Amino acid sequence: MPTVLIIDDNPSVATALEVLFSLHDIASVHAESPEAGLALLESESIDLVIQDMNFSADTTSGAEGEALFAAIRERHPDLPVILLTAWTHLSSAVELIRAGAADYMAKPWDDGKLLTTVNNLLELSETRHELDRRRSHERRSRQQLEQKYDLRGVVFSDPASERVIALACQVARSDLPVLITGPNGAGKEKIAEIIQANSAVRNGPFVTLNCGALPGELIEAELFGADAGAYTGANKAREGKFEASDGGTLFLDEIGNLPLAGQMKLLRVLETGRFERLGSNRERQVDVRVISATNADLPAMIREGTFREDLYYRLNAIELNLPPLAERPGDILPLAELFCPPEKRIGESARAALLRHPWPGNVRELRNVIQRAGLLTAGERIEASDLNLPKSAPVQKTTSAEEPDREAVEAALARAGGVIAQAAAELGLSRQALYRRMDRYQLPRE
């Protein structure tokens with residue numbers, strides 16, 4: 001059961017509030033002075049404070065309330081505080097709202113509005129505490145991964161990325177082939193590096209081949225090597241990627257671009273460890289861990305007859321799916337900071353724009369955007385206008401809310417009956433953020 005601390009020198013006020021809260025399953029404790037209230041905050045588990053603004057007889061300045069609020073904020077910066085005052089004209093109450101107070105209400109208060117505000121704040125506080133606990137758990141989990149495995153300096157914060165990385169570390173010790181799926185630019189090669197770095201062949205070579213970057217007639221020669229005269233221009237014998245990666249790992253990116261003839265030979269190597277160079281009849285033996293990656297729909301290619309089903313199942317002993325960056329929003333800002341030049345800083349408007357952008361080019365696009373902005377921005381701070389992101393791009397759904405206009409703010413206030421906490425929660429804003437927008441749109445605070 002949540003607990004509210006009531007700091008008010010009037011016992012009748014405390015009694016009325018205690019009765020009101022007890023009828024709605026909210027516990028409460030009472031302190032008659034600021035000193036007693038601060039002491040209770042240190043000894044009790046308090047979820048919300050309701051404080052008076054004046055405690056001495058014949059005092060209406062609000063100075064005592066200001067001092068109490070400042071003391072609470074200094075010791076418990078995230079604790080929501082509601083101000084109660086019989087002097088609604090006091091500018092100090094408004095200033096305290098701007099300084100971080102959750103809300104203020106006039107005496108005598110409206111029970112319905114007060115309960116709505118308290119329940120909203122308690123719910124938001126519980127959500128914030130749960131979010132803090134989850135973030136703390138995720139941070140410990142990341143630290144454990146970093147301590148236990150070689151993550152090759154990968155930067156990540158989103159739970160979706162952590163799941164893929166943790167699974168990559170888990171399967172690394174196996175010698176089974178791994179297929180990494182995901183869109184272009186998402187970071188599939190980095191996952192392959194992590195698998196190699198934590199595998200039994202981590203001290204062996206790590207060789208990569210992008211099957212989509214070569215003409216089909218050259219891919220086989222790149223994979224298996226060629227003897228002199230095997231094809232036009234082959235003036236001398238050359239080893240292929242399989243020979244180069246013997247005793248280590250071969251990463252085949254864009255495996256869907258491998259021609260059918262090459263697919264058949266690759267399947268044989270995976271099954272026997274044997275192959276011949278192009279133009280040669282001599283078999284060669286290798287011991288290679290194969291990791292492949294693709295952004296293609298291989299099952300659809302199998303149905304179309306352009307990819308061998310037996311090779312698919314041989315490559316796909318373990319599949320790791322790396323989501324696009326748009327589905328890993330927690331990675332966007334940490335990666336942006338990584339790509340940002342050390343002499344530059346990313347401003348708040350740029351951060352908001354980065355979170356809104358859908359990133360069809362994924363991590364590769366993000367790197368290019370930040371590096372270009374860092375190069376072209378004259379000042380030390382990169383702002384949204386420096387990113388040169390398309391304004392027509394669809395807005396990505398993230399934990400950040402869209403900027404509400406005047407009509408949206410007015411509508412939310414109307415639906416909430418003027419209760420700031422409720423309207424702010426509906427708009428996805430803090431109370432302080434909502435007050436700033438009300439001031440910007442010249443909307444009355446009362």
# chains A, B, ... in the order shown; residues from 1 in each chain; ligands from 1
>>> select_by_dssp(residues="region 223-385 of chain A", states="helix (DSSP H, G or I)", output="short mmCIF file (atom, residue, chain, number, x, y, z; two decimals) with C-alpha atoms, in the first residue's frame")
data_model
loop_
_atom_site.label_atom_id
_atom_site.label_comp_id
_atom_site.auth_asym_id
_atom_site.auth_seq_id
_atom_site.Cartn_x
_atom_site.Cartn_y
_atom_site.Cartn_z
CA LEU A 223 35.70 -19.11 -51.61
CA PHE A 224 37.69 -22.09 -52.82
CA LYS A 241 38.79 -17.88 -48.17
CA PHE A 242 38.37 -21.42 -46.85
CA GLU A 243 42.11 -22.03 -46.93
CA ALA A 244 42.79 -18.60 -45.42
CA ILE A 255 24.91 -15.67 -48.34
CA GLY A 256 21.72 -15.42 -50.41
CA ASN A 257 23.81 -14.08 -53.33
CA LEU A 260 23.57 -22.48 -57.04
CA ALA A 261 26.83 -24.08 -58.17
CA GLY A 262 28.66 -22.40 -55.31
CA GLN A 263 25.91 -23.45 -52.91
CA MET A 264 26.45 -27.10 -53.80
CA LYS A 265 30.20 -26.85 -53.20
CA LEU A 266 29.68 -24.96 -49.95
CA LEU A 267 27.34 -27.69 -48.72
CA ARG A 268 29.99 -30.32 -49.42
CA VAL A 269 32.64 -28.36 -47.51
CA LEU A 270 30.30 -27.97 -44.54
CA GLU A 271 29.57 -31.71 -44.52
CA THR A 272 33.10 -33.07 -45.18
CA LEU A 298 15.90 -17.58 -47.62
CA PRO A 299 12.74 -19.70 -47.18
CA ALA A 300 11.12 -17.69 -50.00
CA MET A 301 14.23 -18.21 -52.14
CA ILE A 302 13.97 -21.95 -51.47
CA ARG A 303 10.38 -21.91 -52.74
CA GLU A 304 11.53 -20.02 -55.83
CA GLU A 309 17.00 -26.19 -48.91
CA ASP A 310 19.64 -28.67 -47.68
CA LEU A 311 22.22 -25.86 -47.52
CA TYR A 312 19.76 -23.64 -45.63
CA TYR A 313 19.29 -26.22 -42.89
CA ARG A 314 23.03 -26.88 -42.78
CA LEU A 315 23.79 -23.17 -42.32
CA LEU A 325 17.71 -0.20 -35.36
CA ALA A 326 14.13 1.13 -35.30
CA GLU A 327 13.23 -1.84 -33.08
CA PRO A 329 15.57 2.47 -29.83
CA GLY A 330 17.68 2.15 -26.70
CA ASP A 331 20.77 1.78 -28.90
CA ILE A 332 20.26 4.97 -30.92
CA LEU A 333 21.71 7.59 -28.57
CA PRO A 334 24.61 5.45 -27.23
CA LEU A 335 25.65 4.66 -30.82
CA ALA A 336 25.28 8.32 -31.81
CA GLU A 337 27.61 9.29 -28.94
CA LEU A 338 30.08 6.65 -30.15
CA PHE A 339 30.11 8.05 -33.69
CA GLU A 348 18.71 18.02 -27.07
CA SER A 349 16.96 18.89 -30.32
CA ALA A 350 19.29 16.52 -32.19
CA ARG A 351 18.63 13.75 -29.67
CA ALA A 352 14.89 14.12 -30.14
CA ALA A 353 15.28 14.08 -33.91
CA LEU A 354 17.48 10.97 -33.76
CA LEU A 355 14.82 9.15 -31.73
CA ARG A 356 12.06 10.18 -34.14
CA ASN A 362 20.09 1.18 -39.60
CA VAL A 363 23.43 1.61 -37.78
CA ARG A 364 25.28 2.37 -41.01
CA GLU A 365 22.94 5.29 -41.73
CA LEU A 366 23.22 6.57 -38.16
CA ARG A 367 27.02 6.53 -38.35
CA ASN A 368 27.01 8.44 -41.63
CA VAL A 369 24.53 11.05 -40.34
CA ILE A 370 26.50 11.74 -37.16
CA GLN A 371 29.90 11.79 -38.84
CA ARG A 372 28.63 14.16 -41.55
CA ALA A 373 27.05 16.46 -38.97
CA GLY A 374 30.24 16.42 -36.89
CA LEU A 375 32.25 17.42 -39.93
CA LEU A 376 29.95 20.20 -41.15
CA ALA A 384 18.57 18.81 -35.23
CA SER A 385 19.11 21.17 -38.17
#
>>> residues_around(residues="Gly347 (chain A)", least_positions_apart="3", cutoff="6 Å", atoms="only C-alpha atoms", output="PyMOL selection string")
chain A and resi 350+381-383
>>> select_by_dssp(residues="region 219-424 of chain A", states="strand (DSSP E)", output="PDB file with C-alpha atoms, in the first residue's frame")
ATOM      1  CA  THR A 249      36.211 -18.629 -38.628  1.00  0.00           C
ATOM      2  CA  LEU A 250      34.841 -17.759 -42.070  1.00  0.00           C
ATOM      3  CA  PHE A 251      32.088 -15.146 -42.127  1.00  0.00           C
ATOM      4  CA  LEU A 252      29.976 -15.246 -45.294  1.00  0.00           C
ATOM      5  CA  ASP A 253      27.882 -12.098 -45.544  1.00  0.00           C
ATOM      6  CA  ARG A 274      36.908 -31.045 -48.205  1.00  0.00           C
ATOM      7  CA  PHE A 275      36.971 -29.031 -51.436  1.00  0.00           C
ATOM      8  CA  GLU A 276      38.953 -28.471 -54.628  1.00  0.00           C
ATOM      9  CA  GLU A 283      41.177 -32.284 -52.604  1.00  0.00           C
ATOM     10  CA  ARG A 284      42.099 -30.028 -49.729  1.00  0.00           C
ATOM     11  CA  GLN A 285      41.054 -30.467 -46.090  1.00  0.00           C
ATOM     12  CA  ARG A 289      33.819 -22.575 -38.303  1.00  0.00           C
ATOM     13  CA  VAL A 290      31.320 -21.011 -40.749  1.00  0.00           C
ATOM     14  CA  ILE A 291      29.108 -18.067 -39.774  1.00  0.00           C
ATOM     15  CA  SER A 292      26.798 -16.726 -42.456  1.00  0.00           C
ATOM     16  CA  ALA A 293      24.507 -13.720 -42.638  1.00  0.00           C
ATOM     17  CA  THR A 294      21.722 -12.507 -44.870  1.00  0.00           C
ATOM     18  CA  ILE A 318      21.630 -21.888 -34.958  1.00  0.00           C
ATOM     19  CA  GLU A 319      19.869 -18.699 -36.111  1.00  0.00           C
ATOM     20  CA  LEU A 320      20.373 -15.280 -34.542  1.00  0.00           C
ATOM     21  CA  ASN A 321      17.988 -12.548 -35.663  1.00  0.00           C
ATOM     22  CA  ARG A 345      28.305  17.331 -28.360  1.00  0.00           C
ATOM     23  CA  ILE A 346      24.830  16.195 -29.417  1.00  0.00           C
ATOM     24  CA  ARG A 381      26.957  21.380 -30.386  1.00  0.00           C
ATOM     25  CA  ILE A 382      25.148  19.307 -33.032  1.00  0.00           C
TER      26      ILE A 382
END
>>> closest_atom_pairs(of="region 12-109 of chain A", to="region 409-424 of chain A", cutoff="12 Å", atoms="only C-alpha atoms", output="tab-separated table")
residue	atom	partner	partner_atom	distance
A:Pro80	CA	A:Ala421	CA	10.8
A:Val81	CA	A:Ala421	CA	11.7
A:Ile82	CA	A:Ala421	CA	10.5
A:Ile97	CA	A:Ile420	CA	11.0
A:Ala101	CA	A:Ala421	CA	11.0
A:Ala102	CA	A:Ala421	CA	7.4
A:Asp103	CA	A:Ile420	CA	7.2
A:Tyr104	CA	A:Ile420	CA	9.5
A:Met105	CA	A:Val419	CA	10.0
>>> atom_distance(atom1="CA of Thr15 (chain A)", atom2="CA of Ser56 (chain A)")
19.3 Å
>>> residues_around(residues="Arg202 (chain A)", least_positions_apart="3", cutoff="10 Å", atoms="only C-alpha atoms", output="PyMOL selection string")
chain A and resi 172-173+193-199+205-206+247-249
>>> atom_distance(atom1="CA of Leu443 (chain A)", atom2="CA of Pro404 (chain A)")
13.6 Å
>>> residues_around(residues="Ala70 (chain A)", least_positions_apart="5", cutoff="10 Å", atoms="only C-alpha atoms", output="count of residues only")
9
>>> residues_around(residues="Leu84 (chain A)", least_positions_apart="2", cutoff="9 Å", atoms="only C-alpha atoms", output="list of chain:residue names")
A:Asp8, A:Ile50, A:Gln51, A:Asp52, A:Met53, A:Ile82, A:Ala86, A:Trp87, A:Thr88, A:Ala93, A:Asp103, A:Tyr104, A:Met105, A:Ala106, A:Lys107, A:Trp109
>>> write_last_selection(atoms="N, CA, C and O atoms", output="mmCIF file, in the first residue's frame")
data_model
loop_
_atom_site.group_PDB
_atom_site.id
_atom_site.type_symbol
_atom_site.label_atom_id
_atom_site.label_comp_id
_atom_site.auth_asym_id
_atom_site.auth_seq_id
_atom_site.Cartn_x
_atom_site.Cartn_y
_atom_site.Cartn_z
ATOM 1 N N ASP A 8 1.541 19.362 7.843
ATOM 2 C CA ASP A 8 0.624 20.497 8.024
ATOM 3 C C ASP A 8 0.451 20.722 9.519
ATOM 4 O O ASP A 8 0.268 19.767 10.288
ATOM 5 N N ILE A 50 2.456 15.681 0.807
ATOM 6 C CA ILE A 50 1.546 16.831 0.704
ATOM 7 C C ILE A 50 1.940 17.797 1.805
ATOM 8 O O ILE A 50 1.873 17.457 2.988
ATOM 9 N N GLN A 51 2.379 18.998 1.442
ATOM 10 C CA GLN A 51 2.899 19.931 2.437
ATOM 11 C C GLN A 51 2.157 21.258 2.399
ATOM 12 O O GLN A 51 1.746 21.734 1.342
ATOM 13 N N ASP A 52 2.036 21.830 3.566
ATOM 14 C CA ASP A 52 1.490 23.179 3.695
ATOM 15 C C ASP A 52 2.573 24.184 3.322
ATOM 16 O O ASP A 52 3.760 23.840 3.237
ATOM 17 N N MET A 53 2.163 25.431 3.102
ATOM 18 C CA MET A 53 3.121 26.471 2.741
ATOM 19 C C MET A 53 3.454 27.399 3.902
ATOM 20 O O MET A 53 4.432 28.137 3.858
ATOM 21 N N ILE A 82 3.139 17.647 -3.429
ATOM 22 C CA ILE A 82 1.973 18.495 -3.709
ATOM 23 C C ILE A 82 1.928 19.597 -2.661
ATOM 24 O O ILE A 82 2.060 19.335 -1.459
ATOM 25 N N ALA A 86 -3.664 28.031 1.492
ATOM 26 C CA ALA A 86 -4.886 28.838 1.528
ATOM 27 C C ALA A 86 -4.699 30.150 0.792
ATOM 28 O O ALA A 86 -5.633 30.938 0.655
ATOM 29 N N TRP A 87 -3.488 30.388 0.291
ATOM 30 C CA TRP A 87 -3.163 31.668 -0.345
ATOM 31 C C TRP A 87 -2.780 31.388 -1.795
ATOM 32 O O TRP A 87 -1.617 31.354 -2.159
ATOM 33 N N THR A 88 -3.803 31.175 -2.633
ATOM 34 C CA THR A 88 -3.558 30.754 -4.005
ATOM 35 C C THR A 88 -2.903 31.848 -4.849
ATOM 36 O O THR A 88 -2.411 31.574 -5.935
ATOM 37 N N ALA A 93 4.191 29.597 -4.884
ATOM 38 C CA ALA A 93 3.692 28.264 -5.227
ATOM 39 C C ALA A 93 3.955 27.967 -6.701
ATOM 40 O O ALA A 93 4.376 26.867 -7.070
ATOM 41 N N ASP A 103 2.442 19.560 -8.029
ATOM 42 C CA ASP A 103 1.216 20.339 -8.237
ATOM 43 C C ASP A 103 0.962 21.166 -6.985
ATOM 44 O O ASP A 103 1.613 20.969 -5.948
ATOM 45 N N TYR A 104 0.031 22.117 -7.081
ATOM 46 C CA TYR A 104 -0.408 22.802 -5.867
ATOM 47 C C TYR A 104 -1.915 22.974 -5.909
ATOM 48 O O TYR A 104 -2.516 23.076 -6.972
ATOM 49 N N MET A 105 -2.532 22.963 -4.713
ATOM 50 C CA MET A 105 -3.981 23.058 -4.599
ATOM 51 C C MET A 105 -4.346 24.019 -3.490
ATOM 52 O O MET A 105 -3.619 24.176 -2.509
ATOM 53 N N ALA A 106 -5.509 24.632 -3.672
ATOM 54 C CA ALA A 106 -5.976 25.611 -2.701
ATOM 55 C C ALA A 106 -6.788 24.928 -1.612
ATOM 56 O O ALA A 106 -7.433 23.910 -1.834
ATOM 57 N N LYS A 107 -6.703 25.478 -0.425
ATOM 58 C CA LYS A 107 -7.597 25.075 0.669
ATOM 59 C C LYS A 107 -8.840 25.955 0.632
ATOM 60 O O LYS A 107 -8.715 27.177 0.485
ATOM 61 N N TRP A 109 -9.752 22.074 -0.510
ATOM 62 C CA TRP A 109 -9.483 21.376 -1.754
ATOM 63 C C TRP A 109 -10.700 20.592 -2.225
ATOM 64 O O TRP A 109 -11.622 20.314 -1.450
#
>>> closest_residue(among="A:Pro259, A:Pro323, A:Pro11, A:Gly212", to="Phe307 (chain A)", atoms="only C-alpha atoms")
A:Pro259
>>> residues_around(residues="Ile26 (chain A)", least_positions_apart="6", cutoff="7 Å", atoms="only C-alpha atoms", output="PyMOL selection string")
chain A and resi 1-3
>>> write_last_selection(atoms="N, CA and C atoms", output="PDB file, in the first residue's frame")
ATOM      1  N   MET A   1       0.848  -1.199   0.000  1.00  0.00           N
ATOM      2  CA  MET A   1       0.000   0.000   0.000  1.00  0.00           C
ATOM      3  C   MET A   1       0.879   1.243   0.000  1.00  0.00           C
ATOM      4  N   PRO A   2       0.647   2.203  -0.915  1.00  0.00           N
ATOM      5  CA  PRO A   2       1.448   3.427  -0.938  1.00  0.00           C
ATOM      6  C   PRO A   2       1.200   4.288   0.291  1.00  0.00           C
ATOM      7  N   THR A   3       2.202   5.097   0.643  1.00  0.00           N
ATOM      8  CA  THR A   3       2.104   5.929   1.843  1.00  0.00           C
ATOM      9  C   THR A   3       2.348   7.394   1.482  1.00  0.00           C
TER      10      THR A   3
END
>>> closest_residue(among="A:Glu74, A:Glu138, A:Glu426, A:Asp47", to="Val118 (chain A)", atoms="only C-alpha atoms")
A:Asp47
>>> atom_distance(atom1="CA of Gly379 (chain A)", atom2="CA of Glu343 (chain A)")
9.7 Å
